[in-house]
Amino acid sequence: MGADSAVKFSDKHLLSEDYHSHYKADINGLLTKTTAVPPIAEGVEYECDVLMTGELKKKSTPDTVDDVEILSNATHIMSADPTRRFMFGLTIDKFNILLWFFSRSHVFVTEEMNLHIDAKNLIYFAPPLSGACREALGYDPTVRRVQGTNGADPRYIFTIDGKQYITTEAITVRKAKFLLGCATRVFKIQQVLNDEGELE
């Protein structure tokens with residue numbers, strides 16, 4: 001808990017650390033302290049900090065259920081970031097809202113709620129996000145992103161049975177076409193001997 005896990009909201013284009021076009025959503029819930037690795041541009045916001053993606057429709061469409069955008073955005077974030085276990089979503093359709101939970105194995109969505117009648121449900125949802133630890137916000141505590149050498153892509157340190165291993169090369173990184181689809185990543189690794197990052 002604290003400043004690194006506090007949440008801010010943004011509708012900016014976000015920068016990706018991966019080789020694909022920038023993600024764009026109507027609403028983003030972001031960590032205030034980035035998990036991106038240097039060099040970090042001033043004022044830039046990153047996809048790796050999105051813990052909640054949202055879509056806003058100013059006109060109500062009661063007879064149409066169009067969840068393609070929010071599902072596509074959640075798939076994009078989850079497939080691009082090995083440090084994720086789950087994330088949240090929010091759809092606002094004029095006065096109606098849906099709250100979402102996306103993981104790699106299942107998706108939950110609430111029944112439609114009216115902002116005028118059920119505002120308390122949104123109030124119950126928002127404050128816990130702003131005070132939660134990163135693990136409760138969907139980040140895997142056994143994986144962390146670190147800076148690559150000589151300006152290389154980010155590397156990842158995995159903690160397994162109390163030992164730490166850093167990725168040195170991606171052998172294969174397959175992106176999931178669907179949120180619940182397969183997305184196998186295989187890395188070459190080295191064991192990290194201490195917190196200073198010395199390798200075996």
# chains A, B, ... in the order shown; residues from 1 in each chain; ligands from 1
>>> select_by_dssp(residues="range 64-111 of chain A", states="strand (DSSP E)", output="list in words")
Phe86, Met87, Phe88, Gly89, Leu90, Thr91, Ile92, Asp93, Asn96, Ile97, Leu98, Leu99, Trp100, Phe101, Phe102, Ser103, Val107, Phe108 and Val109 of chain A
>>> closest_atom_pairs(of="range 64-141 of chain A", to="range 28-42 of chain A", cutoff="10 Å", atoms="only C-alpha atoms", output="JSON lines")
{"residue": "A:Thr83", "atom": "CA", "partner": "A:Thr35", "partner_atom": "CA", "distance": 9.9}
{"residue": "A:Phe88", "atom": "CA", "partner": "A:Gly29", "partner_atom": "CA", "distance": 8.8}
{"residue": "A:Gly89", "atom": "CA", "partner": "A:Asn28", "partner_atom": "CA", "distance": 8.9}
{"residue": "A:Leu90", "atom": "CA", "partner": "A:Asn28", "partner_atom": "CA", "distance": 9.2}
{"residue": "A:Ala126", "atom": "CA", "partner": "A:Gly29", "partner_atom": "CA", "distance": 9.9}
{"residue": "A:Leu129", "atom": "CA", "partner": "A:Gly29", "partner_atom": "CA", "distance": 9.0}
{"residue": "A:Ser130", "atom": "CA", "partner": "A:Leu31", "partner_atom": "CA", "distance": 8.8}
{"residue": "A:Arg134", "atom": "CA", "partner": "A:Leu31", "partner_atom": "CA", "distance": 8.7}
{"residue": "A:Leu137", "atom": "CA", "partner": "A:Leu31", "partner_atom": "CA", "distance": 9.4}
>>> write_last_selection(atoms="all heavy atoms", output="short mmCIF file (atom, residue, chain, number, x, y, z; two decimals), in the first residue's frame")
data_model
loop_
_atom_site.label_atom_id
_atom_site.label_comp_id
_atom_site.auth_asym_id
_atom_site.auth_seq_id
_atom_site.Cartn_x
_atom_site.Cartn_y
_atom_site.Cartn_z
N THR A 83 3.82 -9.88 -16.11
CA THR A 83 3.70 -9.65 -14.67
C THR A 83 2.24 -9.64 -14.20
O THR A 83 1.97 -9.40 -13.03
CB THR A 83 4.36 -8.32 -14.26
OG1 THR A 83 3.58 -7.23 -14.77
CG2 THR A 83 5.77 -8.22 -14.78
N PHE A 88 -8.98 -5.20 -13.98
CA PHE A 88 -10.38 -4.81 -13.85
C PHE A 88 -10.85 -4.03 -15.07
O PHE A 88 -10.04 -3.54 -15.86
CB PHE A 88 -10.57 -3.95 -12.59
CG PHE A 88 -10.16 -4.64 -11.33
CD1 PHE A 88 -8.91 -4.44 -10.78
CD2 PHE A 88 -11.03 -5.52 -10.69
CE1 PHE A 88 -8.52 -5.08 -9.61
CE2 PHE A 88 -10.65 -6.18 -9.53
CZ PHE A 88 -9.40 -5.96 -8.99
N GLY A 89 -12.17 -3.90 -15.19
CA GLY A 89 -12.74 -3.14 -16.29
C GLY A 89 -13.99 -2.40 -15.85
O GLY A 89 -14.64 -2.76 -14.86
N LEU A 90 -14.32 -1.36 -16.61
CA LEU A 90 -15.50 -0.54 -16.33
C LEU A 90 -16.11 -0.10 -17.65
O LEU A 90 -15.42 0.44 -18.51
CB LEU A 90 -15.08 0.70 -15.51
CG LEU A 90 -16.14 1.80 -15.31
CD1 LEU A 90 -17.27 1.29 -14.41
CD2 LEU A 90 -15.49 3.04 -14.70
N ALA A 126 -14.55 1.78 -6.19
CA ALA A 126 -13.42 2.67 -6.47
C ALA A 126 -12.43 2.85 -5.32
O ALA A 126 -11.22 2.69 -5.52
CB ALA A 126 -13.95 4.02 -6.95
N LEU A 129 -9.61 0.22 -4.72
CA LEU A 129 -8.56 0.19 -5.74
C LEU A 129 -7.44 1.16 -5.39
O LEU A 129 -6.26 0.87 -5.59
CB LEU A 129 -9.12 0.56 -7.11
CG LEU A 129 -10.02 -0.44 -7.82
CD1 LEU A 129 -10.40 0.08 -9.19
CD2 LEU A 129 -9.34 -1.80 -7.95
N SER A 130 -7.80 2.33 -4.86
CA SER A 130 -6.80 3.37 -4.61
C SER A 130 -5.91 3.06 -3.42
O SER A 130 -4.85 3.66 -3.27
CB SER A 130 -7.49 4.72 -4.41
OG SER A 130 -8.29 4.70 -3.25
N ARG A 134 -0.14 -3.86 -4.86
CA ARG A 134 -0.05 -4.27 -6.27
C ARG A 134 -0.57 -5.68 -6.50
O ARG A 134 -1.18 -5.97 -7.51
CB ARG A 134 1.39 -4.16 -6.75
CG ARG A 134 1.83 -2.72 -6.97
CD ARG A 134 3.20 -2.66 -7.60
NE ARG A 134 3.64 -1.29 -7.71
CZ ARG A 134 4.82 -0.94 -8.16
NH1 ARG A 134 5.69 -1.86 -8.52
NH2 ARG A 134 5.16 0.33 -8.23
N LEU A 137 -4.12 -5.71 -6.94
CA LEU A 137 -4.51 -5.03 -8.18
C LEU A 137 -4.20 -5.86 -9.42
O LEU A 137 -4.37 -5.39 -10.54
CB LEU A 137 -3.80 -3.67 -8.27
CG LEU A 137 -4.20 -2.66 -7.19
CD1 LEU A 137 -3.32 -1.42 -7.26
CD2 LEU A 137 -5.67 -2.28 -7.31
#
>>> residues_around(residues="range 167-176 of chain A", least_positions_apart="3", cutoff="12 Å", atoms="only C-alpha atoms", output="PyMOL selection string")
chain A and resi 18-20+72+74-82+104+143-149+152-159+164+179-192+197+199
>>> atom_distance(atom1="CA of Lys58 in chain A", atom2="CA of Asn96 in chain A")
10.3 Å
>>> select_by_dssp(residues="range 46-191 of chain A", states="helix (DSSP H, G or I)", output="number ranges by chain")
A: 47-49, 68-80, 119-131, 135-137, 149-151
>>> write_last_selection(atoms="N, CA and C atoms", output="CSV table (one decimal), in the first residue's frame")
chain,number,residue,atom,x,y,z
A,47,GLU,N,1.4,1.3,-20.7
A,47,GLU,CA,0.4,0.2,-20.7
A,47,GLU,C,0.7,-0.7,-19.5
A,48,CYS,N,1.9,-0.9,-19.1
A,48,CYS,CA,2.2,-1.8,-18.0
A,48,CYS,C,1.7,-1.3,-16.6
A,49,ASP,N,1.2,-0.1,-16.6
A,49,ASP,CA,0.6,0.4,-15.3
A,49,ASP,C,-0.9,0.4,-15.3
A,68,VAL,N,-16.9,-5.5,-27.3
A,68,VAL,CA,-15.7,-5.9,-28.1
A,68,VAL,C,-14.5,-5.0,-27.7
A,69,GLU,N,-14.7,-3.7,-27.5
A,69,GLU,CA,-13.6,-2.9,-27.2
A,69,GLU,C,-13.0,-3.2,-25.8
A,70,ILE,N,-13.8,-3.3,-24.8
A,70,ILE,CA,-13.2,-3.6,-23.5
A,70,ILE,C,-12.6,-5.0,-23.4
A,71,LEU,N,-13.1,-6.0,-24.1
A,71,LEU,CA,-12.5,-7.3,-24.1
A,71,LEU,C,-11.2,-7.3,-24.9
A,72,SER,N,-11.2,-6.5,-26.0
A,72,SER,CA,-10.0,-6.4,-26.8
A,72,SER,C,-8.9,-5.7,-26.0
A,73,ASN,N,-9.2,-4.6,-25.3
A,73,ASN,CA,-8.2,-3.9,-24.5
A,73,ASN,C,-7.7,-4.8,-23.4
A,74,ALA,N,-8.6,-5.5,-22.7
A,74,ALA,CA,-8.1,-6.4,-21.6
A,74,ALA,C,-7.2,-7.5,-22.2
A,75,THR,N,-7.6,-8.1,-23.4
A,75,THR,CA,-6.7,-9.1,-24.0
A,75,THR,C,-5.3,-8.5,-24.3
A,76,HIS,N,-5.3,-7.3,-24.9
A,76,HIS,CA,-4.1,-6.6,-25.2
A,76,HIS,C,-3.2,-6.5,-24.0
A,77,ILE,N,-3.7,-5.9,-22.9
A,77,ILE,CA,-2.9,-5.7,-21.7
A,77,ILE,C,-2.4,-7.0,-21.1
A,78,MET,N,-3.3,-8.0,-21.0
A,78,MET,CA,-2.9,-9.2,-20.4
A,78,MET,C,-1.9,-10.0,-21.2
A,79,SER,N,-2.0,-10.0,-22.5
A,79,SER,CA,-1.1,-10.8,-23.4
A,79,SER,C,0.2,-10.1,-23.5
A,80,ALA,N,0.3,-8.8,-23.3
A,80,ALA,CA,1.6,-8.1,-23.5
A,80,ALA,C,2.5,-8.1,-22.2
A,119,ALA,N,-25.5,4.0,-7.4
A,119,ALA,CA,-24.2,4.7,-7.3
A,119,ALA,C,-23.3,4.2,-6.2
A,120,LYS,N,-24.0,3.7,-5.1
A,120,LYS,CA,-23.2,3.2,-4.0
A,120,LYS,C,-22.3,2.0,-4.4
A,121,ASN,N,-22.7,1.2,-5.4
A,121,ASN,CA,-21.9,0.1,-5.8
A,121,ASN,C,-20.6,0.5,-6.4
A,122,LEU,N,-20.7,1.6,-7.2
A,122,LEU,CA,-19.5,2.2,-7.8
A,122,LEU,C,-18.6,2.8,-6.7
A,123,ILE,N,-19.2,3.4,-5.7
A,123,ILE,CA,-18.4,3.9,-4.6
A,123,ILE,C,-17.7,2.8,-3.8
A,124,TYR,N,-18.4,1.7,-3.7
A,124,TYR,CA,-17.7,0.6,-3.0
A,124,TYR,C,-16.6,0.0,-3.8
A,125,PHE,N,-16.6,0.1,-5.1
A,125,PHE,CA,-15.6,-0.4,-6.0
A,125,PHE,C,-14.4,0.5,-6.1
A,126,ALA,N,-14.6,1.8,-6.2
A,126,ALA,CA,-13.4,2.7,-6.5
A,126,ALA,C,-12.4,2.9,-5.3
A,127,PRO,N,-12.9,3.2,-4.1
A,127,PRO,CA,-11.9,3.4,-3.0
A,127,PRO,C,-10.9,2.3,-2.7
A,128,PRO,N,-11.4,1.0,-2.7
A,128,PRO,CA,-10.5,-0.1,-2.4
A,128,PRO,C,-9.3,-0.2,-3.5
A,129,LEU,N,-9.6,0.2,-4.7
A,129,LEU,CA,-8.6,0.2,-5.7
A,129,LEU,C,-7.4,1.2,-5.4
A,130,SER,N,-7.8,2.3,-4.9
A,130,SER,CA,-6.8,3.4,-4.6
A,130,SER,C,-5.9,3.1,-3.4
A,131,GLY,N,-6.3,2.1,-2.6
A,131,GLY,CA,-5.5,1.8,-1.4
A,131,GLY,C,-4.9,0.4,-1.4
A,135,GLU,N,-0.3,-6.6,-5.6
A,135,GLU,CA,-0.8,-7.9,-5.7
A,135,GLU,C,-2.3,-8.0,-5.8
A,136,ALA,N,-3.0,-7.2,-5.0
A,136,ALA,CA,-4.5,-7.1,-5.0
A,136,ALA,C,-5.0,-6.4,-6.2
A,137,LEU,N,-4.1,-5.7,-6.9
A,137,LEU,CA,-4.5,-5.0,-8.2
A,137,LEU,C,-4.2,-5.9,-9.4
A,149,THR,N,20.1,-4.7,-20.4
A,149,THR,CA,21.4,-4.2,-20.6
A,149,THR,C,21.5,-3.4,-21.9
A,150,ASN,N,22.3,-2.3,-21.9
A,150,ASN,CA,22.6,-1.6,-23.1
A,150,ASN,C,21.3,-1.2,-23.9
A,151,GLY,N,20.3,-0.7,-23.2
A,151,GLY,CA,19.1,-0.3,-23.8
A,151,GLY,C,18.2,-1.4,-24.4
>>> closest_residue(among="A:Ala132, A:Ile166, A:Leu99, A:Ile92", to="Leu115 in chain A", atoms="only C-alpha atoms")
A:Ile92
>>> decode(residues="range 91-108 of chain A", atoms="N, CA and C atoms", output="mmCIF file, in the first residue's frame")
data_model
loop_
_atom_site.group_PDB
_atom_site.id
_atom_site.type_symbol
_atom_site.label_atom_id
_atom_site.label_comp_id
_atom_site.auth_asym_id
_atom_site.auth_seq_id
_atom_site.Cartn_x
_atom_site.Cartn_y
_atom_site.Cartn_z
ATOM 1 N N THR A 91 -17.398 -0.363 -17.827
ATOM 2 C CA THR A 91 -18.133 0.116 -18.994
ATOM 3 C C THR A 91 -19.211 1.076 -18.518
ATOM 4 N N ILE A 92 -19.224 2.282 -19.090
ATOM 5 C CA ILE A 92 -20.266 3.261 -18.773
ATOM 6 C C ILE A 92 -21.057 3.528 -20.045
ATOM 7 N N ASP A 93 -22.345 3.229 -20.005
ATOM 8 C CA ASP A 93 -23.246 3.421 -21.139
ATOM 9 C C ASP A 93 -24.275 4.466 -20.722
ATOM 10 N N LYS A 94 -23.889 5.733 -20.876
ATOM 11 C CA LYS A 94 -24.664 6.886 -20.417
ATOM 12 C C LYS A 94 -24.880 6.808 -18.907
ATOM 13 N N PHE A 95 -25.994 6.252 -18.442
ATOM 14 C CA PHE A 95 -26.253 6.180 -17.006
ATOM 15 C C PHE A 95 -26.070 4.770 -16.445
ATOM 16 N N ASN A 96 -25.718 3.825 -17.294
ATOM 17 C CA ASN A 96 -25.603 2.436 -16.859
ATOM 18 C C ASN A 96 -24.141 2.006 -16.821
ATOM 19 N N ILE A 97 -23.794 1.192 -15.835
ATOM 20 C CA ILE A 97 -22.404 0.751 -15.697
ATOM 21 C C ILE A 97 -22.330 -0.767 -15.545
ATOM 22 N N LEU A 98 -21.201 -1.304 -16.001
ATOM 23 C CA LEU A 98 -20.844 -2.704 -15.781
ATOM 24 C C LEU A 98 -19.437 -2.723 -15.205
ATOM 25 N N LEU A 99 -19.199 -3.549 -14.206
ATOM 26 C CA LEU A 99 -17.863 -3.747 -13.647
ATOM 27 C C LEU A 99 -17.362 -5.119 -14.089
ATOM 28 N N TRP A 100 -16.079 -5.182 -14.452
ATOM 29 C CA TRP A 100 -15.492 -6.396 -15.015
ATOM 30 C C TRP A 100 -14.299 -6.867 -14.197
ATOM 31 N N PHE A 101 -14.061 -8.176 -14.252
ATOM 32 C CA PHE A 101 -12.843 -8.786 -13.712
ATOM 33 C C PHE A 101 -12.311 -9.726 -14.786
ATOM 34 N N PHE A 102 -11.060 -9.501 -15.217
ATOM 35 C CA PHE A 102 -10.446 -10.318 -16.265
ATOM 36 C C PHE A 102 -9.238 -11.056 -15.699
ATOM 37 N N SER A 103 -9.197 -12.361 -15.866
ATOM 38 C CA SER A 103 -7.992 -13.121 -15.526
ATOM 39 C C SER A 103 -7.648 -13.996 -16.721
ATOM 40 N N ARG A 104 -6.623 -14.818 -16.570
ATOM 41 C CA ARG A 104 -6.208 -15.678 -17.681
ATOM 42 C C ARG A 104 -7.064 -16.943 -17.788
ATOM 43 N N SER A 105 -7.951 -17.147 -16.808
ATOM 44 C CA SER A 105 -8.781 -18.353 -16.844
ATOM 45 C C SER A 105 -10.280 -18.070 -16.869
ATOM 46 N N HIS A 106 -10.698 -16.856 -16.471
ATOM 47 C CA HIS A 106 -12.131 -16.567 -16.457
ATOM 48 C C HIS A 106 -12.387 -15.062 -16.453
ATOM 49 N N VAL A 107 -13.621 -14.716 -16.790
ATOM 50 C CA VAL A 107 -14.067 -13.317 -16.810
ATOM 51 C C VAL A 107 -15.370 -13.232 -16.028
ATOM 52 N N PHE A 108 -15.455 -12.253 -15.126
ATOM 53 C CA PHE A 108 -16.701 -11.980 -14.414
ATOM 54 C C PHE A 108 -17.189 -10.592 -14.809
#
